[in-house]
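Below is model_22.tsv, holding TSV, C-alpha atoms.
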chain	number	residue	atom	x	y	z
P	1	ASP	CA	2.97	62.69	-12.98
P	2	VAL	CA	4.70	65.99	-13.55
P	3	LYS	CA	7.73	66.44	-11.40
P	4	VAL	CA	9.32	69.79	-10.61
P	5	THR	CA	12.46	69.38	-8.56
P	6	GLN	CA	14.31	72.12	-6.73
P	7	SER	CA	17.92	71.34	-5.94
P	8	SER	CA	17.83	72.23	-2.25
P	9	ARG	CA	15.16	72.23	0.47
P	10	TYR	CA	17.16	74.46	2.79
P	11	LEU	CA	20.04	76.86	2.17
P	12	VAL	CA	21.96	79.19	4.45
P	13	LYS	CA	24.13	81.82	2.75
P	14	ARG	CA	26.10	84.85	3.84
P	15	THR	CA	25.35	88.43	2.88
P	16	GLY	CA	27.08	89.35	-0.38
P	17	GLU	CA	27.40	85.77	-1.66
P	18	LYS	CA	26.25	84.85	-5.16
P	19	VAL	CA	23.52	82.24	-4.80
P	20	PHE	CA	22.14	79.82	-7.38
P	21	LEU	CA	18.76	78.14	-7.00
P	22	GLU	CA	18.16	75.37	-9.50
P	23	CYS	CA	14.89	73.95	-10.79
P	24	VAL	CA	14.34	71.02	-13.14
P	25	GLN	CA	11.08	69.78	-14.66
P	26	ASP	CA	10.56	66.48	-16.46
P	27	MET	CA	7.48	67.16	-18.60
P	28	ASP	CA	8.94	69.18	-21.48
P	29	HIS	CA	7.05	72.30	-20.37
P	30	GLU	CA	7.85	75.51	-22.19
P	31	ASN	CA	6.93	77.89	-19.37
P	32	MET	CA	8.80	78.10	-16.08
P	33	PHE	CA	8.47	80.49	-13.16
P	34	TRP	CA	10.20	81.61	-9.98
P	35	TYR	CA	8.09	82.92	-7.08
P	36	ARG	CA	8.95	83.92	-3.57
P	37	GLN	CA	6.58	83.48	-0.65
P	38	ASP	CA	6.63	85.63	2.46
P	39	PRO	CA	4.24	85.76	5.43
P	40	GLY	CA	1.56	88.38	4.91
P	41	LEU	CA	2.66	89.04	1.31
P	42	GLY	CA	1.75	85.74	-0.31
P	43	LEU	CA	3.38	84.52	-3.51
P	44	ARG	CA	5.01	87.09	-5.75
P	45	LEU	CA	6.43	86.46	-9.22
P	46	ILE	CA	10.14	87.14	-9.64
P	47	TYR	CA	10.78	85.96	-13.21
P	48	PHE	CA	9.08	83.99	-15.94
P	49	SER	CA	10.59	82.11	-18.88
P	50	TYR	CA	8.36	81.19	-21.81
P	51	ASP	CA	11.00	79.14	-23.63
P	52	VAL	CA	14.71	78.41	-23.76
P	53	LYS	CA	16.79	81.59	-23.40
P	54	MET	CA	13.60	83.69	-23.11
P	55	LYS	CA	12.66	85.54	-19.94
P	56	GLU	CA	10.31	88.19	-18.62
P	57	LYS	CA	10.56	90.19	-15.43
P	58	GLY	CA	7.84	89.56	-12.91
P	59	ASP	CA	6.64	91.83	-10.16
P	60	ILE	CA	9.81	91.85	-8.03
P	61	PRO	CA	12.89	91.18	-10.21
P	62	GLU	CA	15.26	93.56	-8.42
P	63	GLY	CA	18.31	91.79	-7.04
P	64	TYR	CA	17.67	88.64	-9.08
P	65	SER	CA	18.56	87.27	-12.48
P	66	VAL	CA	17.69	84.02	-14.23
P	67	SER	CA	19.15	81.59	-16.72
P	68	ARG	CA	17.40	79.12	-19.02
P	69	GLU	CA	19.92	77.39	-21.25
P	70	LYS	CA	17.99	74.12	-21.48
P	71	LYS	CA	14.26	73.59	-21.64
P	72	GLU	CA	14.08	71.50	-18.47
P	73	ARG	CA	16.19	73.74	-16.25
P	74	PHE	CA	15.51	77.23	-14.89
P	75	SER	CA	17.97	78.85	-12.51
P	76	LEU	CA	17.43	81.80	-10.20
P	77	ILE	CA	20.52	83.81	-9.33
P	78	LEU	CA	20.91	86.16	-6.41
P	79	GLU	CA	23.80	88.32	-7.56
P	80	SER	CA	24.71	89.54	-4.07
P	81	ALA	CA	22.52	88.01	-1.40
P	82	SER	CA	20.98	90.32	1.18
P	83	THR	CA	19.04	89.59	4.36
P	84	ASN	CA	15.81	90.83	2.79
P	85	GLN	CA	16.07	87.96	0.32
P	86	THR	CA	15.51	85.47	3.13
P	87	SER	CA	12.37	83.71	1.95
P	88	MET	CA	10.75	80.57	0.58
P	89	TYR	CA	11.44	80.26	-3.14
P	90	LEU	CA	9.10	78.26	-5.34
P	91	CYS	CA	9.66	77.11	-8.91
P	92	ALA	CA	6.78	76.17	-11.23
P	93	SER	CA	6.32	74.90	-14.76
P	94	ARG	CA	3.45	74.79	-17.25
P	95	MET	CA	2.79	73.87	-20.85
P	96	THR	CA	2.28	76.64	-23.38
P	97	GLY	CA	-1.43	77.25	-23.74
P	98	LEU	CA	-4.22	79.31	-22.29
P	99	SER	CA	-7.29	78.02	-20.51
P	100	ASP	CA	-6.40	74.40	-20.03
P	101	THR	CA	-2.82	74.59	-18.82
P	102	GLU	CA	-2.14	73.65	-15.22
P	103	ALA	CA	0.85	74.96	-13.26
P	104	PHE	CA	2.93	72.53	-11.19
P	105	PHE	CA	5.20	73.57	-8.35
P	106	GLY	CA	8.35	72.22	-6.78
P	107	GLN	CA	8.82	71.49	-3.09
P	108	GLY	CA	10.32	74.89	-2.34
P	109	THR	CA	13.72	76.13	-1.16
P	110	ARG	CA	13.88	77.86	2.19
P	111	LEU	CA	16.74	80.36	1.87
P	112	THR	CA	18.19	82.12	4.89
P	113	VAL	CA	20.71	84.92	4.32
P	114	VAL	CA	22.77	85.76	7.40
I	1	LYS	CA	-4.58	95.03	-11.78
I	2	GLN	CA	-5.99	91.66	-10.73
I	3	GLU	CA	-6.45	91.14	-7.00
I	4	VAL	CA	-7.41	87.87	-5.35
I	5	THR	CA	-8.93	87.62	-1.89
I	6	GLN	CA	-9.56	84.53	0.20
I	7	ILE	CA	-11.97	84.48	3.10
I	8	PRO	CA	-11.70	83.32	5.80
I	9	ALA	CA	-7.97	83.55	6.52
I	10	ALA	CA	-8.27	80.64	8.93
I	11	LEU	CA	-10.90	78.00	9.60
I	12	SER	CA	-11.12	75.29	12.25
I	13	VAL	CA	-13.69	72.50	11.94
I	14	PRO	CA	-14.37	69.11	13.54
I	15	GLU	CA	-13.65	65.99	11.55
I	16	GLY	CA	-16.45	64.88	9.25
I	17	GLU	CA	-17.83	68.35	8.58
I	18	ASN	CA	-18.44	69.63	5.06
I	19	LEU	CA	-16.85	73.01	4.45
I	20	VAL	CA	-16.51	75.76	1.86
I	21	LEU	CA	-13.51	77.95	1.14
I	22	ASN	CA	-14.01	81.18	-0.76
I	23	CYS	CA	-11.96	82.99	-3.37
I	24	SER	CA	-12.85	86.26	-5.09
I	25	PHE	CA	-11.09	88.15	-7.86
I	26	THR	CA	-11.52	91.68	-9.16
I	27	ASP	CA	-11.12	91.23	-12.94
I	28	SER	CA	-13.42	88.67	-14.57
I	29	ALA	CA	-11.27	88.47	-17.73
I	30	ILE	CA	-9.52	85.21	-16.87
I	31	TYR	CA	-8.32	82.08	-18.64
I	32	ASN	CA	-8.58	79.82	-15.61
I	33	LEU	CA	-8.53	79.51	-11.85
I	34	GLN	CA	-6.48	76.93	-9.99
I	35	TRP	CA	-6.76	75.67	-6.40
I	36	PHE	CA	-3.65	74.50	-4.56
I	37	ARG	CA	-2.86	72.93	-1.23
I	38	GLN	CA	0.26	73.77	0.75
I	39	ASP	CA	1.49	71.82	3.77
I	40	PRO	CA	3.74	73.67	6.26
I	41	GLY	CA	7.19	74.33	4.84
I	42	LYS	CA	6.39	72.57	1.58
I	43	GLY	CA	5.61	73.47	-2.01
I	44	LEU	CA	2.21	73.78	-3.66
I	45	THR	CA	0.18	70.78	-4.78
I	46	SER	CA	-2.34	71.40	-7.55
I	47	LEU	CA	-5.85	70.28	-6.61
I	48	LEU	CA	-8.15	71.49	-9.37
I	49	LEU	CA	-8.04	73.66	-12.47
I	50	ILE	CA	-11.24	75.32	-13.70
I	51	GLN	CA	-11.17	76.80	-17.17
I	52	SER	CA	-13.01	80.07	-17.77
I	53	SER	CA	-15.69	78.24	-19.82
I	54	GLN	CA	-16.40	75.75	-17.02
I	55	ARG	CA	-18.68	76.06	-14.00
I	56	GLU	CA	-17.17	73.37	-11.81
I	57	GLN	CA	-14.62	70.61	-11.43
I	58	THR	CA	-14.59	67.64	-9.12
I	59	SER	CA	-11.83	65.43	-7.74
I	60	GLY	CA	-12.76	62.93	-5.07
I	61	ARG	CA	-14.12	64.81	-2.05
I	62	LEU	CA	-13.25	68.17	-3.60
I	63	ASN	CA	-15.54	70.26	-5.76
I	64	ALA	CA	-14.58	73.66	-7.10
I	65	SER	CA	-17.03	76.06	-8.70
I	66	LEU	CA	-16.46	79.17	-10.75
I	67	ASP	CA	-18.75	82.15	-11.33
I	68	LYS	CA	-16.63	84.26	-13.61
I	69	SER	CA	-19.08	87.12	-14.03
I	70	SER	CA	-19.26	87.74	-10.29
I	71	GLY	CA	-15.56	87.06	-9.73
I	72	ARG	CA	-16.00	84.16	-7.32
I	73	SER	CA	-14.88	80.61	-6.82
I	74	THR	CA	-15.55	78.18	-4.00
I	75	LEU	CA	-13.77	75.00	-2.96
I	76	TYR	CA	-16.09	72.52	-1.28
I	77	ILE	CA	-14.53	69.78	0.84
I	78	ALA	CA	-16.85	66.94	1.81
I	79	ALA	CA	-16.47	64.86	4.96
I	80	SER	CA	-13.32	66.61	6.11
I	81	GLN	CA	-10.46	64.62	7.64
I	82	PRO	CA	-7.46	65.64	9.80
I	83	GLY	CA	-5.24	64.98	6.78
I	84	ASP	CA	-7.00	67.83	4.99
I	85	SER	CA	-5.35	70.29	7.38
I	86	ALA	CA	-3.25	72.63	5.25
I	87	THR	CA	-3.28	76.06	3.65
I	88	TYR	CA	-5.46	76.30	0.56
I	89	LEU	CA	-4.55	78.84	-2.10
I	90	CYS	CA	-6.44	79.97	-5.16
I	91	ALA	CA	-4.70	81.50	-8.17
I	92	VAL	CA	-6.12	83.24	-11.20
I	93	ARG	CA	-4.62	83.50	-14.67
I	94	SER	CA	-5.83	86.74	-16.21
I	95	SER	CA	-6.42	87.02	-19.95
I	96	GLY	CA	-5.35	90.65	-20.25
I	97	GLY	CA	-2.03	92.36	-19.70
I	98	SER	CA	0.56	89.98	-18.27
I	99	ASN	CA	-1.45	86.90	-19.18
I	100	TYR	CA	1.30	84.42	-18.38
I	101	LYS	CA	1.30	84.98	-14.62
I	102	LEU	CA	-0.80	83.55	-11.84
I	103	THR	CA	-2.11	85.96	-9.22
I	104	PHE	CA	-2.50	84.31	-5.84
I	105	GLY	CA	-4.69	84.90	-2.86
I	106	LYS	CA	-3.06	84.79	0.57
I	107	GLY	CA	-4.70	81.49	1.42
I	108	THR	CA	-7.03	79.93	3.97
I	109	LEU	CA	-5.40	77.95	6.79
I	110	LEU	CA	-7.65	74.95	7.44
I	111	THR	CA	-7.45	72.89	10.62
I	112	VAL	CA	-9.56	69.74	10.88
I	113	ASN	CA	-9.75	68.52	14.46
I	114	PRO	CA	-10.09	64.79	15.25
In structure tokens, what does this structure look like?
Amino acid sequence: DVKVTQSSRYLVKRTGEKVFLECVQDMDHENMFWYRQDPGLGLRLIYFSYDVKMKEKGDIPEGYSVSREKKERFSLILESASTNQTSMYLCASRMTGLSDTEAFFGQGTRLTVV
Amino acid sequence: KQEVTQIPAALSVPEGENLVLNCSFTDSAIYNLQWFRQDPGKGLTSLLLIQSSQREQTSGRLNASLDKSSGRSTLYIAASQPGDSATYLCAVRSSGGSNYKLTFGKGTLLTVNP
């Protein structure tokens, strides 16, 4: 079974802190994603990486950056955390391909910025 | 821009009932559609992937259908159980534009009462 593991289930950080959310997948997938999920807004894509060191901005990249130095690991960085970044963050991975490639998600990180 | 709608937003049924969840999308140019389950405070679990060339997929008591030309998918759950209680999300991977991303509906919250 594919496993996508996020480093923390719950995090509490202070406004202005630099925050790192880590995600690791064990299936050698090329594609990795970071989404955030908010009530009433659903899941929104923050960043996408299609291979090592490659990245694309999603729909809401402002205030975030990412790092992909190794194929299995994709990090989301909040440069200076703000209260409006309080959310559930979800990492996903997927093989390269088109019609037949299934996305797998991690267990989520609930981030609270105070 | 692809938009995904799920109706109803919430559904409550007695145990043992068969039920249908609906998903519609505005742009029929898709690679695939994926159904997920999300338990409260948790990540997403993939249930079924339907490729654009397929009409349906089955897994146990779950059957998902796809009518690409009309922009609709349904998830049929047979003989529902209290353990099926969760939020069900559908996501579409479009074949145009930003074809790497999944566009999600806001989900249907299912409650199965014993």
Which residues are near segment 45-48 of chain P? Cut-off 10 Å, only C-alpha atoms, ignore same chain within fewer than 5 positions. Put them as a JSON list (two decimals) with C-alpha atoms, in the coordinates of the input.
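Listed below is the output, part_26.json:
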[["chain", "number", "residue", "atom", "x", "y", "z"],
["P", 31, "ASN", "CA", 6.93, 77.89, -19.37],
["P", 32, "MET", "CA", 8.80, 78.10, -16.08],
["P", 33, "PHE", "CA", 8.47, 80.49, -13.16],
["P", 34, "TRP", "CA", 10.20, 81.61, -9.98],
["P", 35, "TYR", "CA", 8.09, 82.92, -7.08],
["P", 36, "ARG", "CA", 8.95, 83.92, -3.57],
["P", 37, "GLN", "CA", 6.58, 83.48, -0.65],
["P", 54, "MET", "CA", 13.60, 83.69, -23.11],
["P", 55, "LYS", "CA", 12.66, 85.54, -19.94],
["P", 56, "GLU", "CA", 10.31, 88.19, -18.62],
["P", 57, "LYS", "CA", 10.56, 90.19, -15.43],
["P", 58, "GLY", "CA", 7.84, 89.56, -12.91],
["P", 59, "ASP", "CA", 6.64, 91.83, -10.16],
["P", 60, "ILE", "CA", 9.81, 91.85, -8.03],
["P", 61, "PRO", "CA", 12.89, 91.18, -10.21],
["P", 62, "GLU", "CA", 15.26, 93.56, -8.42],
["P", 63, "GLY", "CA", 18.31, 91.79, -7.04],
["P", 64, "TYR", "CA", 17.67, 88.64, -9.08],
["P", 65, "SER", "CA", 18.56, 87.27, -12.48],
["P", 66, "VAL", "CA", 17.69, 84.02, -14.23],
["P", 74, "PHE", "CA", 15.51, 77.23, -14.89],
["P", 76, "LEU", "CA", 17.43, 81.80, -10.20],
["P", 89, "TYR", "CA", 11.44, 80.26, -3.14],
["P", 90, "LEU", "CA", 9.10, 78.26, -5.34],
["P", 91, "CYS", "CA", 9.66, 77.11, -8.91],
["P", 92, "ALA", "CA", 6.78, 76.17, -11.23],
["P", 93, "SER", "CA", 6.32, 74.90, -14.76],
["I", 100, "TYR", "CA", 1.30, 84.42, -18.38],
["I", 101, "LYS", "CA", 1.30, 84.98, -14.62],
["I", 102, "LEU", "CA", -0.80, 83.55, -11.84],
["I", 103, "THR", "CA", -2.11, 85.96, -9.22],
["I", 104, "PHE", "CA", -2.50, 84.31, -5.84]]
Give me, as a JSON list (two decimals) with C-alpha atoms, keeping the file's coordinate frame, all polymer residues having an atom no more than 7 Å from Ala10 of chain I, counting only C-alpha atoms and skipping those fewer than 4 positions away in the same chain.
[["chain", "number", "residue", "atom", "x", "y", "z"],
["I", 108, "THR", "CA", -7.03, 79.93, 3.97],
["I", 109, "LEU", "CA", -5.40, 77.95, 6.79],
["I", 110, "LEU", "CA", -7.65, 74.95, 7.44]]
Give me, as a short mmCIF file (atom, residue, chain, number, x, y, z; two decimals) with C-alpha atoms, keeping the file's coordinate frame, the contact residues of chain I against chain P at a cut-off of 7 Å, counting all atoms listed in the file.
data_model
loop_
_atom_site.label_atom_id
_atom_site.label_comp_id
_atom_site.auth_asym_id
_atom_site.auth_seq_id
_atom_site.Cartn_x
_atom_site.Cartn_y
_atom_site.Cartn_z
CA TYR I 31 -8.32 82.08 -18.64
CA ASN I 32 -8.58 79.82 -15.61
CA LYS I 42 6.39 72.57 1.58
CA GLY I 43 5.61 73.47 -2.01
CA LEU I 44 2.21 73.78 -3.66
CA THR I 45 0.18 70.78 -4.78
CA SER I 46 -2.34 71.40 -7.55
CA LEU I 49 -8.04 73.66 -12.47
CA GLN I 51 -11.17 76.80 -17.17
CA SER I 52 -13.01 80.07 -17.77
CA PHE I 104 -2.50 84.31 -5.84
CA GLY I 105 -4.69 84.90 -2.86
CA LYS I 106 -3.06 84.79 0.57
#
Open item on the list: If we draw a sphere of 8 Å around (25.6, 83.4, 0.8), which residues have at least one atom in it when counting only C-alpha atoms? Please report them as a ChimeraX atom specification.
Closed with: /P:12-19,80-81,113-114
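Contact shell of Thr26 of chain I at 12 Å (only C-alpha atoms; same-chain neighbours under 4 positions omitted): I:Lys1, I:Gln2, I:Glu3, I:Val4, I:Thr5, I:Gln6, I:Ile30, I:Lys68, I:Ser69, I:Ser70, I:Gly71, I:Arg72, I:Ser73, I:Val92, I:Ser94, I:Thr103, I:Gly105.
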Missing atoms in segment 44-68 of chain I should be modelled up to N, CA, C and O atoms and reported as a compact mmCIF listing (two decimals), in the frame of the given file.
# COMPACT_ATOMS: atom_id res chain seq x y z
N LEU I 44 3.64 73.79 -3.36
CA LEU I 44 2.21 73.78 -3.66
C LEU I 44 1.84 72.53 -4.43
O LEU I 44 2.54 72.15 -5.38
N THR I 45 0.72 71.93 -4.05
CA THR I 45 0.18 70.78 -4.78
C THR I 45 -1.09 71.22 -5.49
O THR I 45 -2.00 71.75 -4.85
N SER I 46 -1.15 71.01 -6.79
CA SER I 46 -2.34 71.40 -7.55
C SER I 46 -3.49 70.46 -7.22
O SER I 46 -3.35 69.24 -7.22
N LEU I 47 -4.65 71.06 -6.92
CA LEU I 47 -5.85 70.28 -6.61
C LEU I 47 -6.81 70.23 -7.79
O LEU I 47 -7.26 69.16 -8.20
N LEU I 48 -7.15 71.40 -8.30
CA LEU I 48 -8.15 71.49 -9.37
C LEU I 48 -7.86 72.71 -10.24
O LEU I 48 -7.46 73.75 -9.73
N LEU I 49 -8.10 72.55 -11.53
CA LEU I 49 -8.04 73.66 -12.47
C LEU I 49 -9.42 73.83 -13.08
O LEU I 49 -10.00 72.84 -13.56
N ILE I 50 -9.95 75.04 -13.04
CA ILE I 50 -11.24 75.32 -13.70
C ILE I 50 -10.98 76.30 -14.84
O ILE I 50 -10.47 77.40 -14.61
N GLN I 51 -11.32 75.90 -16.04
CA GLN I 51 -11.17 76.80 -17.17
C GLN I 51 -12.29 77.84 -17.14
O GLN I 51 -13.34 77.61 -16.56
N SER I 52 -12.06 78.96 -17.82
CA SER I 52 -13.01 80.07 -17.77
C SER I 52 -14.39 79.68 -18.33
O SER I 52 -15.41 80.25 -17.95
N SER I 53 -14.42 78.66 -19.21
CA SER I 53 -15.69 78.24 -19.82
C SER I 53 -16.43 77.22 -18.95
O SER I 53 -17.55 76.83 -19.28
N GLN I 54 -15.81 76.78 -17.86
CA GLN I 54 -16.40 75.75 -17.02
C GLN I 54 -17.06 76.37 -15.79
O GLN I 54 -16.69 77.45 -15.34
N ARG I 55 -18.00 75.61 -15.21
CA ARG I 55 -18.68 76.06 -14.00
C ARG I 55 -18.15 75.36 -12.76
O ARG I 55 -18.19 75.91 -11.67
N GLU I 56 -17.70 74.08 -12.94
CA GLU I 56 -17.17 73.37 -11.81
C GLU I 56 -16.28 72.22 -12.24
O GLU I 56 -16.33 71.77 -13.38
N GLN I 57 -15.48 71.78 -11.25
CA GLN I 57 -14.62 70.61 -11.43
C GLN I 57 -14.64 69.83 -10.14
O GLN I 57 -14.72 70.41 -9.05
N THR I 58 -14.53 68.50 -10.29
CA THR I 58 -14.59 67.64 -9.12
C THR I 58 -13.40 66.68 -9.12
O THR I 58 -12.99 66.18 -10.18
N SER I 59 -12.87 66.44 -7.92
CA SER I 59 -11.83 65.43 -7.74
C SER I 59 -12.02 64.83 -6.37
O SER I 59 -11.76 65.46 -5.35
N GLY I 60 -12.52 63.60 -6.35
CA GLY I 60 -12.76 62.93 -5.07
C GLY I 60 -13.73 63.71 -4.19
O GLY I 60 -14.85 64.00 -4.59
N ARG I 61 -13.26 64.06 -2.98
CA ARG I 61 -14.12 64.81 -2.05
C ARG I 61 -14.09 66.31 -2.29
O ARG I 61 -14.71 67.09 -1.54
N LEU I 62 -13.39 66.75 -3.29
CA LEU I 62 -13.25 68.17 -3.60
C LEU I 62 -14.12 68.54 -4.79
O LEU I 62 -14.18 67.82 -5.78
N ASN I 63 -14.78 69.70 -4.65
CA ASN I 63 -15.54 70.26 -5.76
C ASN I 63 -15.28 71.75 -5.80
O ASN I 63 -15.48 72.45 -4.80
N ALA I 64 -14.83 72.23 -6.94
CA ALA I 64 -14.58 73.66 -7.10
C ALA I 64 -15.57 74.22 -8.11
O ALA I 64 -15.83 73.61 -9.14
N SER I 65 -16.11 75.38 -7.79
CA SER I 65 -17.03 76.06 -8.70
C SER I 65 -16.45 77.40 -9.11
O SER I 65 -15.60 77.97 -8.41
N LEU I 66 -16.92 77.88 -10.23
CA LEU I 66 -16.46 79.17 -10.75
C LEU I 66 -17.64 79.96 -11.27
O LEU I 66 -18.42 79.46 -12.10
N ASP I 67 -17.79 81.20 -10.78
CA ASP I 67 -18.75 82.15 -11.33
C ASP I 67 -17.93 83.33 -11.82
O ASP I 67 -17.63 84.25 -11.06
N LYS I 68 -17.56 83.28 -13.08
CA LYS I 68 -16.63 84.26 -13.61
C LYS I 68 -17.22 85.67 -13.59
O LYS I 68 -16.53 86.63 -13.25
